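The file protein-v5.cif contains mmCIF, C-alpha atoms and all ligand atoms:
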```cif
data_coords
#
loop_
_atom_site.label_atom_id
_atom_site.label_comp_id
_atom_site.auth_asym_id
_atom_site.auth_seq_id
_atom_site.Cartn_x
_atom_site.Cartn_y
_atom_site.Cartn_z
CA MET F 1 164.82 148.33 27.52
CA VAL F 2 164.58 144.54 27.27
CA THR F 3 161.45 142.99 25.88
CA ALA F 4 159.79 140.07 27.67
CA SER F 5 161.10 137.49 25.21
CA GLU F 6 164.67 138.90 25.19
CA GLU F 7 164.57 138.80 28.96
CA TYR F 8 164.22 135.00 28.85
CA SER F 9 166.82 134.51 26.12
CA PHE F 10 169.95 132.37 26.16
CA THR F 11 172.33 135.34 25.77
CA SER F 12 173.49 135.82 29.35
CA PHE F 13 174.27 132.10 29.69
CA SER F 14 175.83 131.90 26.24
CA ASN F 15 178.26 134.73 27.05
CA LEU F 16 179.69 133.03 30.16
CA PRO F 17 183.40 132.16 29.73
CA PHE F 18 182.97 128.48 30.65
CA TYR F 19 180.30 128.08 27.96
CA THR F 20 182.49 129.74 25.34
CA LYS F 21 185.24 127.25 26.25
CA VAL F 22 182.90 124.28 25.83
CA ASN F 23 181.96 125.37 22.33
CA GLU F 24 185.49 126.43 21.36
CA ARG F 25 186.42 122.86 22.14
CA LEU F 26 183.79 121.52 19.73
CA LEU F 27 184.93 123.91 17.00
CA ASP F 28 188.56 122.85 17.61
CA LEU F 29 187.71 119.14 17.50
CA ALA F 30 185.77 119.60 14.28
CA GLN F 31 188.38 122.00 12.82
CA VAL F 32 185.70 124.53 12.04
CA GLY F 33 187.04 127.68 10.41
CA LYS F 34 188.72 126.44 7.29
CA GLN F 35 185.44 125.84 5.47
CA ARG F 36 183.81 128.37 3.13
CA LYS F 37 180.15 127.59 3.71
CA ILE F 38 178.98 126.91 7.24
CA VAL F 39 175.56 126.47 8.83
CA ASP F 40 175.14 127.40 12.50
CA LEU F 41 172.04 125.38 13.31
CA GLY F 42 169.91 126.53 16.25
CA CYS F 43 172.16 129.62 16.38
CA GLY F 44 170.12 131.33 19.11
CA THR F 45 171.46 134.78 19.90
CA GLY F 46 174.63 134.21 17.89
CA GLY F 47 177.13 133.12 20.56
CA ILE F 48 178.49 130.31 18.38
CA THR F 49 178.18 132.32 15.16
CA LYS F 50 180.59 134.82 16.70
CA LEU F 51 183.04 132.06 17.61
CA ILE F 52 182.88 130.72 14.05
CA LEU F 53 183.50 134.21 12.65
CA GLU F 54 186.56 134.65 14.89
CA ARG F 55 188.24 131.56 13.51
CA LEU F 56 187.53 131.88 9.80
CA GLN F 57 190.84 131.45 8.02
CA SER F 58 189.65 133.42 5.03
CA ALA F 59 186.52 135.48 5.33
CA LYS F 60 186.54 136.23 1.60
CA ASP F 61 183.90 134.17 -0.22
CA THR F 62 182.70 132.76 3.08
CA VAL F 63 179.00 132.34 3.78
CA ILE F 64 177.42 131.60 7.14
CA TYR F 65 173.81 130.54 7.51
CA ALA F 66 172.56 131.16 11.04
CA VAL F 67 169.32 129.19 11.44
CA ASP F 68 166.82 129.45 14.30
CA HIS F 69 163.04 129.36 14.72
CA SER F 70 163.07 132.27 17.15
CA THR F 71 162.79 135.66 15.44
CA THR F 72 163.75 137.35 18.70
CA ALA F 73 166.94 135.29 18.98
CA LEU F 74 167.85 136.01 15.34
CA LYS F 75 167.28 139.72 15.89
CA VAL F 76 169.57 139.71 18.92
CA ALA F 77 172.17 137.70 16.95
CA ALA F 78 172.15 140.23 14.11
CA GLU F 79 172.54 143.09 16.59
CA GLU F 80 175.34 141.37 18.51
CA ILE F 81 177.27 140.52 15.34
CA GLY F 82 176.67 143.81 13.56
CA ASP F 83 177.64 144.59 9.97
CA ARG F 84 180.36 142.48 8.42
CA LYS F 85 181.57 143.53 5.00
CA ASP F 86 184.01 140.61 4.61
CA VAL F 87 181.63 137.71 5.13
CA ALA F 88 178.04 137.02 4.10
CA ILE F 89 175.87 136.13 7.09
CA ASN F 90 172.36 134.94 6.32
CA TYR F 91 169.96 134.85 9.23
CA VAL F 92 167.45 132.13 8.39
CA HIS F 93 164.17 131.98 10.23
CA SER F 94 163.18 128.32 10.14
CA GLU F 95 162.55 125.18 12.08
CA VAL F 96 165.70 123.08 11.86
CA GLN F 97 163.41 120.29 10.62
CA ASN F 98 162.94 122.38 7.43
CA LEU F 99 166.66 122.73 6.79
CA ALA F 100 166.41 121.27 3.28
CA GLY F 101 164.11 124.07 2.15
CA ALA F 102 165.51 126.84 4.32
CA VAL F 103 169.12 126.65 3.07
CA LYS F 104 169.42 126.09 -0.68
CA ASP F 105 173.23 125.78 -0.83
CA LYS F 106 175.27 122.68 -0.12
CA VAL F 107 177.67 123.53 2.70
CA ASP F 108 181.05 122.38 4.02
CA ALA F 109 180.15 122.23 7.71
CA ILE F 110 177.09 122.20 9.93
CA VAL F 111 177.60 123.16 13.55
CA TYR F 112 174.80 122.41 16.00
CA CYS F 113 175.49 123.52 19.57
CA ASN F 114 173.29 122.57 22.50
CA SER F 115 170.15 122.19 20.47
CA ILE F 116 169.93 118.68 18.99
CA HIS F 117 168.09 117.42 22.08
CA TYR F 118 165.14 119.67 21.21
CA VAL F 119 164.17 117.77 18.06
CA PRO F 120 161.79 114.80 18.36
CA ASP F 121 162.60 113.13 15.01
CA LYS F 122 166.37 113.22 15.04
CA THR F 123 166.68 110.55 12.34
CA ALA F 124 164.88 112.71 9.76
CA LEU F 125 166.88 115.76 10.79
CA VAL F 126 170.26 114.03 10.52
CA GLU F 127 169.26 112.74 7.06
CA GLN F 128 168.61 116.33 5.98
CA ILE F 129 171.90 117.47 7.49
CA LYS F 130 173.70 114.83 5.46
CA GLU F 131 171.93 115.89 2.25
CA LYS F 132 172.93 119.51 2.89
CA LEU F 133 176.64 118.68 3.19
CA VAL F 134 179.16 118.33 0.37
CA PRO F 135 181.05 114.99 0.28
CA SER F 136 183.39 114.81 3.31
CA GLY F 137 181.48 117.74 4.85
CA ILE F 138 181.53 117.96 8.65
CA PHE F 139 178.60 117.68 11.04
CA ALA F 140 179.64 118.81 14.54
CA PHE F 141 177.29 118.92 17.48
CA ASN F 142 177.32 118.96 21.24
CA THR F 143 174.75 118.54 23.97
CA SER F 144 174.55 118.57 27.74
CA PHE F 145 171.12 116.89 27.62
CA TYR F 146 171.83 113.22 27.18
CA GLU F 147 171.67 110.30 29.56
CA GLY F 148 174.92 110.66 31.51
CA SER F 149 175.28 114.43 31.36
CA HIS F 150 174.68 114.67 35.12
CA PRO F 151 177.73 113.23 36.93
CA ASP F 152 176.97 111.28 40.12
CA ASP F 153 178.51 113.99 42.27
CA SER F 154 176.01 116.55 40.95
CA LEU F 155 172.86 114.55 41.71
CA VAL F 156 172.38 115.61 45.34
CA PHE F 157 172.66 119.26 44.31
CA PHE F 158 170.06 118.80 41.56
CA ARG F 159 167.65 116.95 43.76
CA LYS F 160 167.91 119.53 46.53
CA TRP F 161 167.74 122.48 44.12
CA MET F 162 164.62 121.18 42.39
CA MET F 163 162.90 120.21 45.65
CA ARG F 164 163.62 123.62 47.18
CA SER F 165 162.47 125.49 44.07
CA LEU F 166 159.24 123.48 43.91
CA ARG F 167 158.64 124.22 47.58
CA ILE F 168 159.16 127.94 46.95
CA LEU F 169 156.83 127.72 43.94
CA LYS F 170 154.15 126.20 46.12
CA ARG F 171 154.59 128.30 49.26
CA GLU F 172 155.25 131.70 47.73
CA TYR F 173 153.22 131.50 44.54
CA GLY F 174 150.64 128.80 45.28
CA LEU F 175 151.60 126.90 42.09
CA SER F 176 152.72 123.39 41.09
CA ILE F 177 154.24 122.06 37.90
CA ASP F 178 152.09 120.40 35.24
CA LYS F 179 153.84 117.14 34.33
CA SER F 180 151.60 116.63 31.29
CA GLN F 181 153.45 119.56 29.66
CA LYS F 182 156.88 117.89 29.89
CA VAL F 183 158.94 118.98 26.86
CA GLU F 184 160.98 116.97 24.38
CA SER F 185 164.41 118.16 25.56
CA ARG F 186 163.76 116.18 28.74
CA VAL F 187 163.52 112.90 26.82
CA GLN F 188 167.18 112.05 26.64
CA LEU F 189 169.19 109.74 24.37
CA THR F 190 172.40 108.05 25.45
CA ALA F 191 175.73 108.98 23.86
CA ASP F 192 175.65 105.59 22.09
CA ASN F 193 172.20 106.42 20.68
CA TYR F 194 173.63 109.62 19.23
CA ILE F 195 176.58 107.83 17.66
CA GLU F 196 174.28 105.20 16.18
CA LEU F 197 172.04 107.97 14.84
CA VAL F 198 174.81 109.65 12.85
CA GLU F 199 176.43 106.40 11.73
CA ASN F 200 173.10 105.04 10.48
CA ALA F 201 172.64 108.21 8.44
CA GLY F 202 175.95 107.56 6.66
CA PHE F 203 178.48 109.58 8.65
CA LYS F 204 181.86 108.46 9.92
CA VAL F 205 182.32 109.60 13.52
CA VAL F 206 185.75 111.22 13.68
CA VAL F 207 185.63 112.44 17.29
CA ASN F 208 183.35 111.66 20.19
CA ASP F 209 184.28 113.49 23.32
CA PHE F 210 183.04 113.77 26.91
CA ASN F 211 183.95 117.00 28.60
CA ARG F 212 183.31 117.36 32.33
CA VAL F 213 182.80 121.03 33.03
CA GLU F 214 182.72 122.74 36.42
CA VAL F 215 179.74 125.07 36.09
CA PRO F 216 179.85 128.12 38.40
CA HIS F 217 176.90 129.65 40.24
CA GLU F 218 176.22 132.16 37.50
CA GLY F 219 175.81 129.33 34.98
CA TRP F 220 172.91 127.84 36.95
CA HIS F 221 171.59 131.30 37.77
CA HIS F 222 171.49 132.44 34.13
CA ILE F 223 170.13 129.17 32.81
CA SER F 224 167.26 129.60 35.30
CA GLY F 225 166.31 132.73 33.33
CA PHE F 226 166.21 130.95 29.95
CA SER F 227 162.66 130.18 28.79
CA ASP F 228 163.45 126.70 27.42
CA TRP F 229 165.10 125.65 30.69
CA ILE F 230 162.26 127.00 32.81
CA GLU F 231 159.72 125.19 30.61
CA GLY F 232 161.83 122.02 30.88
CA VAL F 233 162.18 121.86 34.65
CA MET F 234 158.98 123.69 35.56
CA PRO F 235 156.46 122.67 32.90
CA GLY F 236 153.26 124.71 32.85
CA VAL F 237 154.61 127.42 35.19
CA PRO F 238 154.65 131.11 34.08
CA LEU F 239 158.20 132.14 33.13
CA ASP F 240 158.60 134.94 35.67
CA VAL F 241 157.47 132.77 38.58
CA GLY F 242 159.53 129.80 37.37
CA ARG F 243 162.66 131.93 37.11
CA GLN F 244 162.20 133.47 40.54
CA SER F 245 161.55 130.10 42.21
CA LEU F 246 164.58 128.50 40.55
CA GLN F 247 166.92 131.39 41.31
CA LYS F 248 165.79 131.66 44.94
CA GLY F 249 166.08 127.88 45.39
CA LEU F 250 169.53 127.93 43.80
CA ALA F 251 170.84 130.71 46.05
CA GLN F 252 169.66 128.90 49.19
CA ILE F 253 171.00 125.45 48.23
CA TRP F 254 174.29 126.88 46.95
CA ASP F 255 174.95 128.50 50.35
CA GLU F 256 173.72 125.55 52.37
CA MET F 257 175.93 123.11 50.45
CA ASN F 258 178.80 125.60 50.39
CA LEU F 259 179.34 124.99 46.68
CA LYS F 260 181.91 126.55 44.36
CA THR F 261 180.90 124.76 41.17
CA VAL F 262 178.65 121.86 40.08
CA PRO F 263 179.83 119.57 37.28
CA ARG F 264 178.02 118.78 34.03
CA VAL F 265 179.26 116.69 31.11
CA TRP F 266 179.06 117.91 27.52
CA PHE F 267 179.09 115.29 24.81
CA SER F 268 180.54 116.37 21.47
CA VAL F 269 180.63 114.63 18.12
CA SER F 270 182.39 115.52 14.92
CA ALA F 271 181.36 113.35 11.98
CA ALA F 272 182.27 113.37 8.30
CA LYS F 273 179.87 112.60 5.47
CA VAL F 274 181.11 109.51 3.67
C1 LIG L 301 170.10 126.37 24.03
S1 LIG L 301 169.90 127.47 22.69
C2 LIG L 301 171.48 127.31 21.90
C3 LIG L 301 171.82 128.49 21.04
C4 LIG L 301 173.21 128.47 20.42
N1 LIG L 301 173.43 127.29 19.59
C5 LIG L 301 174.26 128.52 21.50
O1 LIG L 301 174.80 127.47 21.89
O2 LIG L 301 174.52 129.63 21.99
C6 LIG L 301 168.85 126.52 21.63
C7 LIG L 301 168.35 127.30 20.41
O3 LIG L 301 167.71 126.36 19.53
C8 LIG L 301 166.56 126.98 19.00
N2 LIG L 301 165.65 125.91 18.61
C9 LIG L 301 165.09 124.96 19.39
N3 LIG L 301 164.33 124.13 18.66
C10 LIG L 301 164.41 124.56 17.38
C11 LIG L 301 163.84 124.11 16.16
N4 LIG L 301 163.05 123.05 16.12
N5 LIG L 301 164.13 124.79 15.04
C12 LIG L 301 164.92 125.88 15.07
N6 LIG L 301 165.51 126.36 16.19
C13 LIG L 301 165.25 125.70 17.33
C14 LIG L 301 166.03 127.86 20.11
O4 LIG L 301 165.23 128.91 19.58
C15 LIG L 301 167.33 128.36 20.73
O5 LIG L 301 167.73 129.58 20.14
#
```
Do you think you could lay out the structure here as structure tokens?
Ligand SMILES: C[S@@+](CC[C@H](N)C(=O)[O-])C[C@H]1O[C@@H](n2cnc3c(N)ncnc32)[C@H](O)[C@@H]1O
Amino acid sequence: MVTASEEYSFTSFSNLPFYTKVNERLLDLAQVGKQRKIVDLGCGTGGITKLILERLQSAKDTVIYAVDHSTTALKVAAEEIGDRKDVAINYVHSEVQNLAGAVKDKVDAIVYCNSIHYVPDKTALVEQIKEKLVPSGIFAFNTSFYEGSHPDDSLVFFRKWMMRSLRILKREYGLSIDKSQKVESRVQLTADNYIELVENAGFKVVVNDFNRVEVPHEGWHHISGFSDWIEGVMPGVPLDVGRQSLQKGLAQIWDEMNLKTVPRVWFSVSAAKV
């Protein structure tokens, strides 16, 4: 049986093949796998932790710190990954903002997938990330929540989807969103802001990459069942009602527009501590 919080987790989205590809690309660009000590920041239900484990060149003496503030997500991650005798995996329950205290070791790489946009004070966080890395250590992150992540040819779809979902919310459930509860992930930086952020902290940007991804119906469907997404696009609305409104709206608009996929751009950065 799934619990209420597992039901609104990121797992079903995270397991979609297109999403795996996006993150494989980041790990490739940042050459993650040859390091011995790696932090998976904002690890969620372990989708990226698994990808890191698959590419470890030598599991012996390797340590992974999987950090998240959601105990439910960490529990799912530990279940999904199971026992590994060859590599030490530490599940660390912490706000990423407390990284300095939560992970005592210095590490060779910090991977941060689809989560950096959540943090209000990114400058302080990136400072901590730098302190946690050995010299020349790698900080690799990606996000699809930055100014520019919605290509022009996706805007009509988004507008129609949101309008239809809000109409369903109103008509079928008698509810409206509460704009005063707008969350931080909706306040978006530009790609240049992100580059400036890491350079100002003392990193050398080795790769910055824009990846236009054709997201299939199930991507939008599953993301509509993720609590953080629902809270982002439907602030103040109960999760079950938000999910139903978004998924109904999606199904209608998808058919009406005869869509196969809708694009989204992921921005990835790999930076070395200098
Ligand atoms: C979109 S999910 C990404 C999960 C994973 N990195 C992946 O790509 O599959 C974002 C994760 O960041 C976590 N998160 C958000 N804000 C956080 C914070 N301030 N401290 C720790 N974890 C946080 C959430 O609990 C969630 O598991």
Centre and edges of the stretch 245-263 of chain F box, axis-aligned, 5 Å extra per side, as JSON:
```
{"center_x": 171.7, "center_y": 125.6, "center_z": 44.8, "size_x": 30.4, "size_y": 22.1, "size_z": 25.1}
```
Quiz item: Can you list, as a list in words, every protein, DNA or RNA residue that comes within 7 Å of F:Phe13 when you count all atoms listed in the file, leaving out same-chain residues fewer than 3 positions away?
Solution: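 The filter keeps Phe10, Leu16, Gly219, His222 and Ile223 of chain F.
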Exercise. Name the residues, by chain letter and number, that sit within 9 Å of ligand LIG 301 (chain L) using all atoms listed in the file, and give them as a PyMOL selection string.
Key: chain F and resi 9-11+13-15+19-20+23+40-49+67-74+93-99+111-120+142+226+228-229
Quiz item: Contacts of stretch 186-203 of chain F at 6 Å or less, counting only C-alpha atoms, minus same-chain residues fewer than 2 places along, as a PyMOL selection string?
Solution: chain F and resi 127+146-147+183-184+271-274
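One distance worth recording is that between atom CA of F:Gly82 and atom CA of F:Asp61, which is 18.3 Å.
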Quiz item: Quick one, how far is atom CA of F:Lys130 from atom CA of F:Ala109?
Solution: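 Going from atom CA of F:Lys130 over to atom CA of F:Ala109, I get 10.1 Å.
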Quiz item: Hey, which of F:His150, F:Lys85, F:Ile110, F:Ser144 ends up closest to F:Ile52? Count all atoms listed in the file.
Solution: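 Looking only at the distances to F:Ile52, the closest residue turns out to be F:Ile110.
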Practice problem: Tell me, as a VMD selection string, which residues lie within 9 Å of F:Lys106, counting all atoms listed in the file; anything in the same chain fewer than 3 positions away does not count. | Solution: chain F and resid 37 103 131 to 134
Quiz prompt | Point (157.0, 123.6, 46.7) neighbourhood (12 Å, all atoms listed in the file) written as a ChimeraX atom specification | solution = /F:160-177,234,242,245-246,249
Keeping C-alpha atoms, export the residues of the selection given above as a short mmCIF file (atom, residue, chain, number, x, y, z; two decimals), in the frame of the given file.
```cif
data_model
loop_
_atom_site.label_atom_id
_atom_site.label_comp_id
_atom_site.auth_asym_id
_atom_site.auth_seq_id
_atom_site.Cartn_x
_atom_site.Cartn_y
_atom_site.Cartn_z
CA LYS F 160 167.91 119.53 46.53
CA TRP F 161 167.74 122.48 44.12
CA MET F 162 164.62 121.18 42.39
CA MET F 163 162.90 120.21 45.65
CA ARG F 164 163.62 123.62 47.18
CA SER F 165 162.47 125.49 44.07
CA LEU F 166 159.24 123.48 43.91
CA ARG F 167 158.64 124.22 47.58
CA ILE F 168 159.16 127.94 46.95
CA LEU F 169 156.83 127.72 43.94
CA LYS F 170 154.15 126.20 46.12
CA ARG F 171 154.59 128.30 49.26
CA GLU F 172 155.25 131.70 47.73
CA TYR F 173 153.22 131.50 44.54
CA GLY F 174 150.64 128.80 45.28
CA LEU F 175 151.60 126.90 42.09
CA SER F 176 152.72 123.39 41.09
CA ILE F 177 154.24 122.06 37.90
CA MET F 234 158.98 123.69 35.56
CA GLY F 242 159.53 129.80 37.37
CA SER F 245 161.55 130.10 42.21
CA LEU F 246 164.58 128.50 40.55
CA GLY F 249 166.08 127.88 45.39
#
```
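We find atom CA of F:Gly148 and atom CA of F:Asp209 to be spaced 12.8 Å apart.
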Quiz prompt | Counting only C-alpha atoms, the option among F:Val269, F:Ser149, F:Glu7, F:Leu125 closest to F:Asp28 | solution =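 Nearest candidate to F:Asp28 out of F:Val269, F:Ser149, F:Glu7, F:Leu125: F:Val269.
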Quiz prompt | Counting all atoms listed in the file, the option among F:Ser227, F:Lys122, F:Leu27, F:Phe18 closest to F:Pro263 | solution =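 Selected residue with least distance to F:Pro263: F:Phe18.
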